[in-house]
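As stored in target.json (JSON, C-alpha atoms):
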[["chain", "number", "residue", "atom", "x", "y", "z"],
["A", 948, "MET", "CA", -2.31, 36.13, 8.36],
["A", 949, "PRO", "CA", -0.40, 38.18, 5.74],
["A", 950, "ARG", "CA", -1.34, 37.79, 2.08],
["A", 951, "GLN", "CA", 1.08, 35.63, 0.16],
["A", 952, "SER", "CA", 2.88, 37.05, -2.82],
["A", 953, "HIS", "CA", 1.69, 36.26, -6.31],
["A", 954, "ALA", "CA", 4.95, 34.34, -6.91],
["A", 955, "ALA", "CA", 4.44, 32.17, -3.82],
["A", 956, "LEU", "CA", 0.86, 31.36, -4.81],
["A", 957, "ALA", "CA", 1.98, 30.56, -8.36],
["A", 958, "GLU", "CA", 4.61, 28.17, -7.01],
["A", 959, "ILE", "CA", 2.05, 26.40, -4.82],
["A", 960, "ARG", "CA", -0.26, 26.07, -7.83],
["A", 961, "ASP", "CA", 2.58, 24.66, -9.95],
["A", 962, "VAL", "CA", 3.52, 22.12, -7.27],
["A", 963, "LEU", "CA", -0.09, 20.95, -6.97],
["A", 964, "LEU", "CA", -0.31, 20.53, -10.75],
["A", 965, "GLU", "CA", 2.99, 18.63, -10.85],
["A", 966, "THR", "CA", 1.75, 16.38, -8.05],
["A", 967, "TYR", "CA", -1.47, 15.63, -9.92],
["A", 968, "ALA", "CA", 0.56, 14.79, -13.04],
["A", 969, "ALA", "CA", 2.62, 12.34, -10.95],
["A", 970, "ASN", "CA", -0.68, 10.93, -9.64],
["A", 971, "ASP", "CA", -1.47, 9.37, -13.00],
["A", 972, "ALA", "CA", 2.10, 8.08, -13.31],
["A", 973, "MET", "CA", 1.39, 6.13, -10.11],
["A", 974, "ASN", "CA", -1.73, 4.61, -11.66],
["A", 975, "GLN", "CA", 0.12, 3.79, -14.87],
["A", 976, "LEU", "CA", 2.91, 2.13, -12.87],
["A", 977, "LEU", "CA", 0.40, -0.19, -11.19],
["A", 978, "LEU", "CA", -1.35, -0.95, -14.49],
["A", 979, "ALA", "CA", 1.96, -1.78, -16.18],
["A", 980, "HIS", "CA", 2.97, -4.31, -13.51],
["A", 981, "LEU", "CA", -0.36, -5.83, -12.57],
["A", 982, "ASP", "CA", -0.81, -9.56, -13.24],
["A", 983, "PRO", "CA", -3.55, -9.78, -15.92],
["A", 984, "ARG", "CA", -5.08, -12.76, -14.08],
["A", 985, "ALA", "CA", -5.94, -10.46, -11.16],
["A", 986, "TRP", "CA", -7.77, -7.91, -13.35],
["A", 987, "ARG", "CA", -11.18, -9.65, -13.25],
["A", 988, "ALA", "CA", -10.65, -11.93, -10.25],
["A", 989, "ALA", "CA", -13.39, -11.72, -7.62],
["A", 990, "PRO", "CA", -12.29, -10.17, -4.33],
["A", 991, "PRO", "CA", -11.74, -12.84, -1.67],
["A", 992, "GLY", "CA", -14.58, -13.29, 0.78],
["A", 993, "GLN", "CA", -17.06, -11.47, -1.43],
["A", 994, "ARG", "CA", -20.10, -13.19, -2.88],
["A", 995, "GLY", "CA", -21.27, -11.01, -5.72],
["A", 996, "GLY", "CA", -20.03, -7.88, -3.99],
["A", 997, "GLY", "CA", -16.91, -5.80, -4.00],
["A", 998, "ARG", "CA", -15.09, -4.38, -6.97],
["A", 999, "THR", "CA", -12.55, -6.23, -9.04],
["A", 1000, "ILE", "CA", -9.27, -4.46, -9.78],
["A", 1001, "GLY", "CA", -10.59, -3.72, -13.28],
["A", 1002, "ALA", "CA", -13.74, -2.20, -11.78],
["A", 1003, "ILE", "CA", -11.65, -0.06, -9.41],
["A", 1004, "PHE", "CA", -9.65, 1.42, -12.30],
["A", 1005, "ALA", "CA", -12.89, 1.99, -14.26],
["A", 1006, "HIS", "CA", -14.38, 3.69, -11.19],
["A", 1007, "LEU", "CA", -11.39, 6.05, -10.94],
["A", 1008, "HIS", "CA", -11.67, 7.03, -14.59],
["A", 1009, "ASN", "CA", -15.46, 7.40, -14.43],
["A", 1010, "CYS", "CA", -15.20, 9.62, -11.33],
["A", 1011, "ARG", "CA", -12.78, 11.85, -13.23],
["A", 1012, "ARG", "CA", -15.37, 12.04, -16.02],
["A", 1013, "SER", "CA", -18.02, 13.07, -13.50],
["A", 1014, "TRP", "CA", -15.77, 15.78, -12.06],
["A", 1015, "LEU", "CA", -15.06, 17.08, -15.57],
["A", 1016, "ARG", "CA", -18.69, 16.94, -16.66],
["A", 1017, "HIS", "CA", -19.96, 18.81, -13.59],
["A", 1018, "SER", "CA", -17.06, 21.18, -12.91],
["A", 1019, "ALA", "CA", -15.56, 21.87, -16.34],
["A", 1020, "PRO", "CA", -18.22, 21.18, -18.99],
["A", 1021, "HIS", "CA", -16.20, 23.21, -21.51],
["A", 1022, "LEU", "CA", -13.50, 20.48, -21.54],
["A", 1023, "LYS", "CA", -13.84, 17.35, -23.67],
["A", 1024, "CYS", "CA", -14.93, 14.42, -21.57],
["A", 1025, "PRO", "CA", -13.29, 11.08, -22.47],
["A", 1026, "ALA", "CA", -15.44, 8.00, -23.07],
["A", 1027, "LYS", "CA", -16.76, 6.08, -20.09],
["A", 1028, "LEU", "CA", -15.21, 2.73, -19.11],
["A", 1029, "ASP", "CA", -17.40, -0.31, -18.53],
["A", 1030, "PRO", "CA", -16.27, -1.68, -15.15],
["A", 1031, "HIS", "CA", -17.21, -5.23, -16.20],
["A", 1032, "ARG", "CA", -15.69, -5.28, -19.68],
["A", 1033, "CYS", "CA", -12.75, -2.87, -19.95],
["A", 1034, "THR", "CA", -9.29, -4.30, -20.50],
["A", 1035, "MET", "CA", -6.08, -3.21, -18.81],
["A", 1036, "LYS", "CA", -4.96, -1.60, -22.06],
["A", 1037, "GLN", "CA", -8.24, 0.33, -22.38],
["A", 1038, "ALA", "CA", -8.03, 1.44, -18.74],
["A", 1039, "SER", "CA", -4.47, 2.66, -19.19],
["A", 1040, "ALA", "CA", -5.37, 4.69, -22.29],
["A", 1041, "ALA", "CA", -8.52, 6.07, -20.67],
["A", 1042, "HIS", "CA", -6.61, 7.09, -17.54],
["A", 1043, "ARG", "CA", -4.08, 9.01, -19.65],
["A", 1044, "LYS", "CA", -6.91, 10.91, -21.36],
["A", 1045, "SER", "CA", -8.90, 11.68, -18.22],
["A", 1046, "ALA", "CA", -5.74, 12.65, -16.29],
["A", 1047, "LYS", "CA", -4.83, 15.12, -19.03],
["A", 1048, "GLN", "CA", -8.28, 16.72, -18.92],
["A", 1049, "CYS", "CA", -8.32, 16.81, -15.10],
["A", 1050, "LEU", "CA", -4.94, 18.52, -15.16],
["A", 1051, "LEU", "CA", -6.39, 21.19, -17.47],
["A", 1052, "MET", "CA", -9.39, 21.53, -15.13],
["A", 1053, "LEU", "CA", -7.13, 21.90, -12.09],
["A", 1054, "ALA", "CA", -4.87, 24.41, -13.85],
["A", 1055, "ASP", "CA", -7.90, 26.56, -14.53],
["A", 1056, "ALA", "CA", -9.39, 26.04, -11.04],
["A", 1057, "LEU", "CA", -6.11, 27.06, -9.37],
["A", 1058, "SER", "CA", -5.58, 30.11, -11.57],
["A", 1059, "THR", "CA", -6.37, 33.63, -10.46],
["A", 1060, "GLY", "CA", -6.89, 35.13, -13.88],
["A", 1061, "PRO", "CA", -10.08, 36.85, -15.00],
["A", 1062, "GLN", "CA", -10.60, 34.19, -17.71],
["A", 1063, "ARG", "CA", -10.92, 31.42, -15.11],
["A", 1064, "ARG", "CA", -13.84, 29.12, -16.00],
["A", 1065, "VAL", "CA", -13.68, 26.43, -13.30],
["A", 1066, "LYS", "CA", -15.11, 28.13, -10.23],
["A", 1067, "LYS", "CA", -16.80, 25.23, -8.45],
["A", 1068, "PHE", "CA", -16.01, 21.56, -7.86],
["A", 1069, "THR", "CA", -18.92, 19.18, -8.05],
["A", 1070, "ARG", "CA", -18.06, 15.59, -7.27],
["A", 1071, "ASP", "CA", -21.42, 14.34, -8.47],
["A", 1072, "GLY", "CA", -24.86, 15.71, -9.14],
["A", 1073, "TYR", "CA", -26.26, 14.80, -5.73],
["A", 1074, "VAL", "CA", -23.64, 16.34, -3.42],
["A", 1075, "GLN", "CA", -22.94, 19.94, -2.52],
["A", 1076, "SER", "CA", -20.46, 21.82, -4.70],
["A", 1077, "TRP", "CA", -17.31, 23.37, -3.26],
["A", 1078, "PRO", "CA", -15.36, 26.39, -4.47],
["A", 1079, "ALA", "CA", -12.73, 25.16, -6.94],
["A", 1080, "GLY", "CA", -9.21, 25.29, -5.57],
["A", 1081, "ALA", "CA", -6.77, 23.45, -3.33],
["A", 1082, "THR", "CA", -9.48, 21.43, -1.56],
["A", 1083, "MET", "CA", -10.60, 20.20, -4.97],
["A", 1084, "PHE", "CA", -7.05, 19.00, -5.67],
["A", 1085, "ALA", "CA", -6.79, 17.35, -2.23],
["A", 1086, "TYR", "CA", -10.06, 15.48, -2.69],
["A", 1087, "MET", "CA", -9.10, 14.25, -6.17],
["A", 1088, "PHE", "CA", -5.65, 13.10, -5.06],
["A", 1089, "ALA", "CA", -6.91, 11.44, -1.84],
["A", 1090, "HIS", "CA", -9.66, 9.60, -3.74],
["A", 1091, "GLU", "CA", -7.17, 8.07, -6.14],
["A", 1092, "ALA", "CA", -4.62, 7.28, -3.42],
["A", 1093, "HIS", "CA", -7.32, 5.43, -1.46],
["A", 1094, "HIS", "CA", -8.16, 3.25, -4.46],
["A", 1095, "ARG", "CA", -4.47, 2.64, -5.31],
["A", 1096, "GLY", "CA", -4.13, 1.20, -1.83],
["A", 1097, "GLN", "CA", -7.13, -1.03, -2.48],
["A", 1098, "VAL", "CA", -5.58, -2.28, -5.73],
["A", 1099, "ILE", "CA", -2.25, -3.12, -4.08],
["A", 1100, "LEU", "CA", -3.97, -4.93, -1.21],
["A", 1101, "LEU", "CA", -6.41, -6.77, -3.48],
["A", 1102, "ALA", "CA", -3.64, -7.93, -5.82],
["A", 1103, "HIS", "CA", -1.77, -9.29, -2.79],
["A", 1104, "GLN", "CA", -4.91, -11.05, -1.46],
["A", 1105, "LEU", "CA", -5.47, -12.63, -4.89],
["A", 1106, "GLY", "CA", -1.95, -14.08, -4.89],
["A", 1107, "SER", "CA", -0.77, -11.64, -7.56],
["A", 1108, "ARG", "CA", 1.41, -9.43, -5.43],
["A", 1109, "LEU", "CA", 2.81, -6.51, -7.38],
["A", 1110, "PRO", "CA", 6.59, -6.40, -7.83],
["A", 1111, "VAL", "CA", 8.39, -4.25, -5.27],
["A", 1112, "ASP", "CA", 9.29, -1.71, -7.99],
["A", 1113, "ALA", "CA", 5.58, -1.15, -8.65],
["A", 1114, "ALA", "CA", 4.02, -1.41, -5.20],
["A", 1115, "TYR", "CA", 6.65, 0.81, -3.62],
["A", 1116, "GLY", "CA", 7.42, 2.74, -6.80],
["A", 1117, "ILE", "CA", 4.44, 4.96, -6.09],
["A", 1118, "TRP", "CA", 6.56, 6.44, -3.27],
["A", 1119, "HIS", "CA", 9.57, 7.26, -5.50],
["A", 1120, "TRP", "CA", 8.33, 10.68, -6.45],
["A", 1121, "GLU", "CA", 11.61, 11.82, -8.02],
["A", 1122, "LYS", "CA", 11.31, 8.99, -10.56],
["A", 1123, "LEU", "CA", 7.64, 9.71, -11.11],
["A", 1124, "TRP", "CA", 8.41, 13.38, -11.77],
["A", 1125, "LYS", "CA", 10.93, 12.35, -14.44],
["A", 1126, "LYS", "CA", 8.56, 9.78, -15.92],
["A", 1127, "THR", "CA", 5.94, 12.49, -16.39],
["A", 1128, "GLY", "CA", 8.42, 14.68, -18.21],
["A", 1129, "LEU", "CA", 8.58, 17.35, -15.53],
["A", 1130, "LYS", "CA", 11.73, 19.45, -15.54],
["A", 1131, "THR", "CA", 11.69, 20.03, -11.79],
["A", 1132, "ARG", "CA", 11.82, 17.63, -8.89],
["A", 1133, "PRO", "CA", 9.33, 17.42, -6.03],
["A", 1134, "ARG", "CA", 9.41, 20.68, -4.10]]

Translate this structure into structure tokens?
Amino acid sequence: MPRQSHAALAEIRDVLLETYAANDAMNQLLLAHLDPRAWRAAPPGQRGGGRTIGAIFAHLHNCRRSWLRHSAPHLKCPAKLDPHRCTMKQASAAHRKSAKQCLLMLADALSTGPQRRVKKFTRDGYVQSWPAGATMFAYMFAHEAHHRGQVILLAHQLGSRLPVDAAYGIWHWEKLWKKTGLKTRPR
């Protein structure tokens, strides 16, 4: 397979970073339209088990913290969220902070410069590290997409179905790109 040009690799890196920026816009869209009564409601059919929607959003933020702590210790790690006590407002603010730091981590991980500091991706202290790069991005994005799906389903099961603009808004990437302040469109 022929080596790709520096410009082509730079474009791929930029698209991945733009996509991760839109990732948090998806989370913020759900948080903005979620019925507050569903935030702490117990999942149906669960007796003392299963995460609430609030706990799912705390989990997402706390996973980001773990990735930052293990893979980019030079970056400031935002405060942890308590899955049993955090509010929607606290989760939204925390997600903005952790998304910003993860974007910096990814930008470094996907760079090719000699000053690159993020060279491995460690999801947690007890699993094997991977080389930092596109697989790191894919894992981070897939993890959050999985839990977004859980939130949408759980809200529906709790009788607090998200408005169409929110539940399906996560698929309107052109709007998400604009909302994030990106000057390009998905490419």

Checklist line | Nearest to Gln1104 (chain A) by atom-to-atom distance, counting all atoms listed in the file, from A:Ala989, A:Ala979, A:Ala954, A:Met973 | finding: A:Ala989

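Distances to Ala1046 (chain A) were evaluated for A:Trp986, A:Tyr1073, A:Trp1124, A:Phe1088 using all atoms listed in the file, and the minimum falls at A:Phe1088.
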
Once 4 Å is added on each side, what centre and edge lengths in Å to one decimal does the axis-aligned box around all listed atoms of region 1125-1134 of chain A have, as AutoDock Vina command-line options?
--center_x 8.9 --center_y 15.2 --center_z -11.2 --size_x 13.9 --size_y 18.9 --size_z 22.1

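Shell of region 993-1008 of chain A at 6 Å, with only C-alpha atoms counted and residues fewer than 2 places along the chain excluded, is Trp986, Arg987, Ala989, Pro990, Pro991, Cys1010, Arg1011, Leu1028, Pro1030, His1042 and Val1098 of chain A.
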
Item checked: Spatial neighbours of His1119 (chain A), 12 Å, all atoms listed in the file, chain gap at least 3 places, as number ranges by chain -> A: 969-970, 972-973, 976, 1111-1116, 1122-1126, 1132-1133

Next item on the list: Calculate how many Å separate CA of Arg1070 (chain A) from CA of Leu981 (chain A), rounding to one decimal.
Entry: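 These atoms are spaced 28.3 Å apart.
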
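You can rank A:Thr966, A:Ser1039, A:Ser952, A:Ser1076 by their closest distance to Glu1121 (chain A) using only C-alpha atoms, and at the top of that list sits A:Thr966.
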
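The shortest atom-to-atom distance to Ala1085 (chain A), with only C-alpha atoms taken into account, belongs to A:Leu1053 out of A:Ala985, A:Cys1024, A:Leu1053, A:Ala1038.
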
Item checked: Computed interatomic separation between CA of Leu964 (chain A) and CA of Thr1069 (chain A) (Å) -> 18.9 Å

Next item on the list: Could you give me, as JSON, numbers by chain, the residues that sit within 7 Å of (-4.6, 15.4, -12.9) in the file's coordinates, counting all atoms listed in the file?
Entry: {"A": [967, 968, 970, 971, 1046, 1047, 1049, 1050]}

Export of the given selection (C-alpha atoms) as a PDB file, in the frame of the given file:
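Full text of out.pdb as output:
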ATOM      1  CA  TYR A 967      -1.470  15.630  -9.920  1.00  0.00           C
ATOM      2  CA  ALA A 968       0.560  14.790 -13.040  1.00  0.00           C
ATOM      3  CA  ASN A 970      -0.680  10.930  -9.640  1.00  0.00           C
ATOM      4  CA  ASP A 971      -1.470   9.370 -13.000  1.00  0.00           C
ATOM      5  CA  ALA A1046      -5.740  12.650 -16.290  1.00  0.00           C
ATOM      6  CA  LYS A1047      -4.830  15.120 -19.030  1.00  0.00           C
ATOM      7  CA  CYS A1049      -8.320  16.810 -15.100  1.00  0.00           C
ATOM      8  CA  LEU A1050      -4.940  18.520 -15.160  1.00  0.00           C
TER       9      LEU A1050
END

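Across the model, the gap from CA of Lys1027 (chain A) to CA of Ala1102 (chain A) is 23.9 Å.
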
Once N, CA and C atoms are restored for region 987-1016 of chain A, what would the output be as a PDB file, keeping the file's coordinate frame?
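Full text of rebuild.pdb as output:
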ATOM      1  N   ARG A 987      -9.756  -9.330 -13.393  1.00  0.00           N
ATOM      2  CA  ARG A 987     -11.180  -9.650 -13.250  1.00  0.00           C
ATOM      3  C   ARG A 987     -11.467 -10.609 -12.100  1.00  0.00           C
ATOM      4  N   ALA A 988     -10.459 -10.975 -11.345  1.00  0.00           N
ATOM      5  CA  ALA A 988     -10.650 -11.930 -10.250  1.00  0.00           C
ATOM      6  C   ALA A 988     -11.550 -11.334  -9.169  1.00  0.00           C
ATOM      7  N   ALA A 989     -12.472 -12.162  -8.672  1.00  0.00           N
ATOM      8  CA  ALA A 989     -13.390 -11.720  -7.620  1.00  0.00           C
ATOM      9  C   ALA A 989     -12.620 -11.486  -6.325  1.00  0.00           C
ATOM     10  N   PRO A 990     -12.946 -10.419  -5.618  1.00  0.00           N
ATOM     11  CA  PRO A 990     -12.290 -10.170  -4.330  1.00  0.00           C
ATOM     12  C   PRO A 990     -12.543 -11.330  -3.368  1.00  0.00           C
ATOM     13  N   PRO A 991     -11.540 -11.724  -2.605  1.00  0.00           N
ATOM     14  CA  PRO A 991     -11.740 -12.840  -1.670  1.00  0.00           C
ATOM     15  C   PRO A 991     -12.784 -12.488  -0.613  1.00  0.00           C
ATOM     16  N   GLY A 992     -13.582 -13.494  -0.257  1.00  0.00           N
ATOM     17  CA  GLY A 992     -14.580 -13.290   0.780  1.00  0.00           C
ATOM     18  C   GLY A 992     -15.825 -12.560   0.333  1.00  0.00           C
ATOM     19  N   GLN A 993     -15.901 -12.205  -0.920  1.00  0.00           N
ATOM     20  CA  GLN A 993     -17.060 -11.470  -1.430  1.00  0.00           C
ATOM     21  C   GLN A 993     -17.910 -12.392  -2.290  1.00  0.00           C
ATOM     22  N   ARG A 994     -19.180 -12.419  -2.038  1.00  0.00           N
ATOM     23  CA  ARG A 994     -20.100 -13.190  -2.880  1.00  0.00           C
ATOM     24  C   ARG A 994     -20.949 -12.201  -3.669  1.00  0.00           C
ATOM     25  N   GLY A 995     -20.519 -11.926  -4.878  1.00  0.00           N
ATOM     26  CA  GLY A 995     -21.270 -11.010  -5.720  1.00  0.00           C
ATOM     27  C   GLY A 995     -21.111  -9.548  -5.337  1.00  0.00           C
ATOM     28  N   GLY A 996     -20.235  -9.263  -4.412  1.00  0.00           N
ATOM     29  CA  GLY A 996     -20.030  -7.880  -3.990  1.00  0.00           C
ATOM     30  C   GLY A 996     -18.563  -7.519  -4.044  1.00  0.00           C
ATOM     31  N   GLY A 997     -18.287  -6.263  -3.943  1.00  0.00           N
ATOM     32  CA  GLY A 997     -16.910  -5.800  -4.000  1.00  0.00           C
ATOM     33  C   GLY A 997     -16.438  -5.628  -5.435  1.00  0.00           C
ATOM     34  N   ARG A 998     -15.595  -4.670  -5.632  1.00  0.00           N
ATOM     35  CA  ARG A 998     -15.090  -4.380  -6.970  1.00  0.00           C
ATOM     36  C   ARG A 998     -13.866  -5.222  -7.292  1.00  0.00           C
ATOM     37  N   THR A 999     -13.781  -5.626  -8.550  1.00  0.00           N
ATOM     38  CA  THR A 999     -12.550  -6.230  -9.040  1.00  0.00           C
ATOM     39  C   THR A 999     -11.535  -5.114  -9.254  1.00  0.00           C
ATOM     40  N   ILE A1000     -10.287  -5.477  -9.502  1.00  0.00           N
ATOM     41  CA  ILE A1000      -9.270  -4.460  -9.780  1.00  0.00           C
ATOM     42  C   ILE A1000      -9.654  -3.690 -11.042  1.00  0.00           C
ATOM     43  N   GLY A1001     -10.142  -4.395 -12.052  1.00  0.00           N
ATOM     44  CA  GLY A1001     -10.590  -3.720 -13.280  1.00  0.00           C
ATOM     45  C   GLY A1001     -11.696  -2.722 -12.997  1.00  0.00           C
ATOM     46  N   ALA A1002     -12.635  -3.101 -12.129  1.00  0.00           N
ATOM     47  CA  ALA A1002     -13.740  -2.200 -11.780  1.00  0.00           C
ATOM     48  C   ALA A1002     -13.250  -0.998 -10.988  1.00  0.00           C
ATOM     49  N   ILE A1003     -12.213  -1.189 -10.175  1.00  0.00           N
ATOM     50  CA  ILE A1003     -11.650  -0.060  -9.410  1.00  0.00           C
ATOM     51  C   ILE A1003     -11.039   0.961 -10.369  1.00  0.00           C
ATOM     52  N   PHE A1004     -10.255   0.485 -11.334  1.00  0.00           N
ATOM     53  CA  PHE A1004      -9.650   1.420 -12.300  1.00  0.00           C
ATOM     54  C   PHE A1004     -10.723   2.094 -13.155  1.00  0.00           C
ATOM     55  N   ALA A1005     -11.788   1.371 -13.512  1.00  0.00           N
ATOM     56  CA  ALA A1005     -12.890   1.990 -14.260  1.00  0.00           C
ATOM     57  C   ALA A1005     -13.568   3.051 -13.394  1.00  0.00           C
ATOM     58  N   HIS A1006     -13.769   2.738 -12.117  1.00  0.00           N
ATOM     59  CA  HIS A1006     -14.380   3.690 -11.190  1.00  0.00           C
ATOM     60  C   HIS A1006     -13.554   4.987 -11.118  1.00  0.00           C
ATOM     61  N   LEU A1007     -12.243   4.854 -11.002  1.00  0.00           N
ATOM     62  CA  LEU A1007     -11.390   6.050 -10.940  1.00  0.00           C
ATOM     63  C   LEU A1007     -11.575   6.917 -12.179  1.00  0.00           C
ATOM     64  N   HIS A1008     -11.505   6.287 -13.336  1.00  0.00           N
ATOM     65  CA  HIS A1008     -11.670   7.030 -14.590  1.00  0.00           C
ATOM     66  C   HIS A1008     -13.066   7.657 -14.677  1.00  0.00           C
ATOM     67  N   ASN A1009     -14.089   6.891 -14.323  1.00  0.00           N
ATOM     68  CA  ASN A1009     -15.460   7.400 -14.430  1.00  0.00           C
ATOM     69  C   ASN A1009     -15.736   8.511 -13.429  1.00  0.00           C
ATOM     70  N   CYS A1010     -15.090   8.481 -12.273  1.00  0.00           N
ATOM     71  CA  CYS A1010     -15.200   9.620 -11.330  1.00  0.00           C
ATOM     72  C   CYS A1010     -14.564  10.862 -11.931  1.00  0.00           C
ATOM     73  N   ARG A1011     -13.415  10.698 -12.563  1.00  0.00           N
ATOM     74  CA  ARG A1011     -12.780  11.850 -13.230  1.00  0.00           C
ATOM     75  C   ARG A1011     -13.738  12.441 -14.259  1.00  0.00           C
ATOM     76  N   ARG A1012     -14.398  11.565 -15.025  1.00  0.00           N
ATOM     77  CA  ARG A1012     -15.370  12.040 -16.020  1.00  0.00           C
ATOM     78  C   ARG A1012     -16.474  12.859 -15.355  1.00  0.00           C
ATOM     79  N   SER A1013     -16.950  12.368 -14.213  1.00  0.00           N
ATOM     80  CA  SER A1013     -18.020  13.070 -13.500  1.00  0.00           C
ATOM     81  C   SER A1013     -17.530  14.447 -13.042  1.00  0.00           C
ATOM     82  N   TRP A1014     -16.326  14.494 -12.500  1.00  0.00           N
ATOM     83  CA  TRP A1014     -15.770  15.780 -12.060  1.00  0.00           C
ATOM     84  C   TRP A1014     -15.661  16.738 -13.228  1.00  0.00           C
ATOM     85  N   LEU A1015     -15.190  16.239 -14.374  1.00  0.00           N
ATOM     86  CA  LEU A1015     -15.060  17.080 -15.570  1.00  0.00           C
ATOM     87  C   LEU A1015     -16.429  17.553 -16.061  1.00  0.00           C
ATOM     88  N   ARG A1016     -17.358  16.621 -16.144  1.00  0.00           N
ATOM     89  CA  ARG A1016     -18.690  16.940 -16.660  1.00  0.00           C
ATOM     90  C   ARG A1016     -19.381  18.004 -15.812  1.00  0.00           C
TER      91      ARG A1016
END
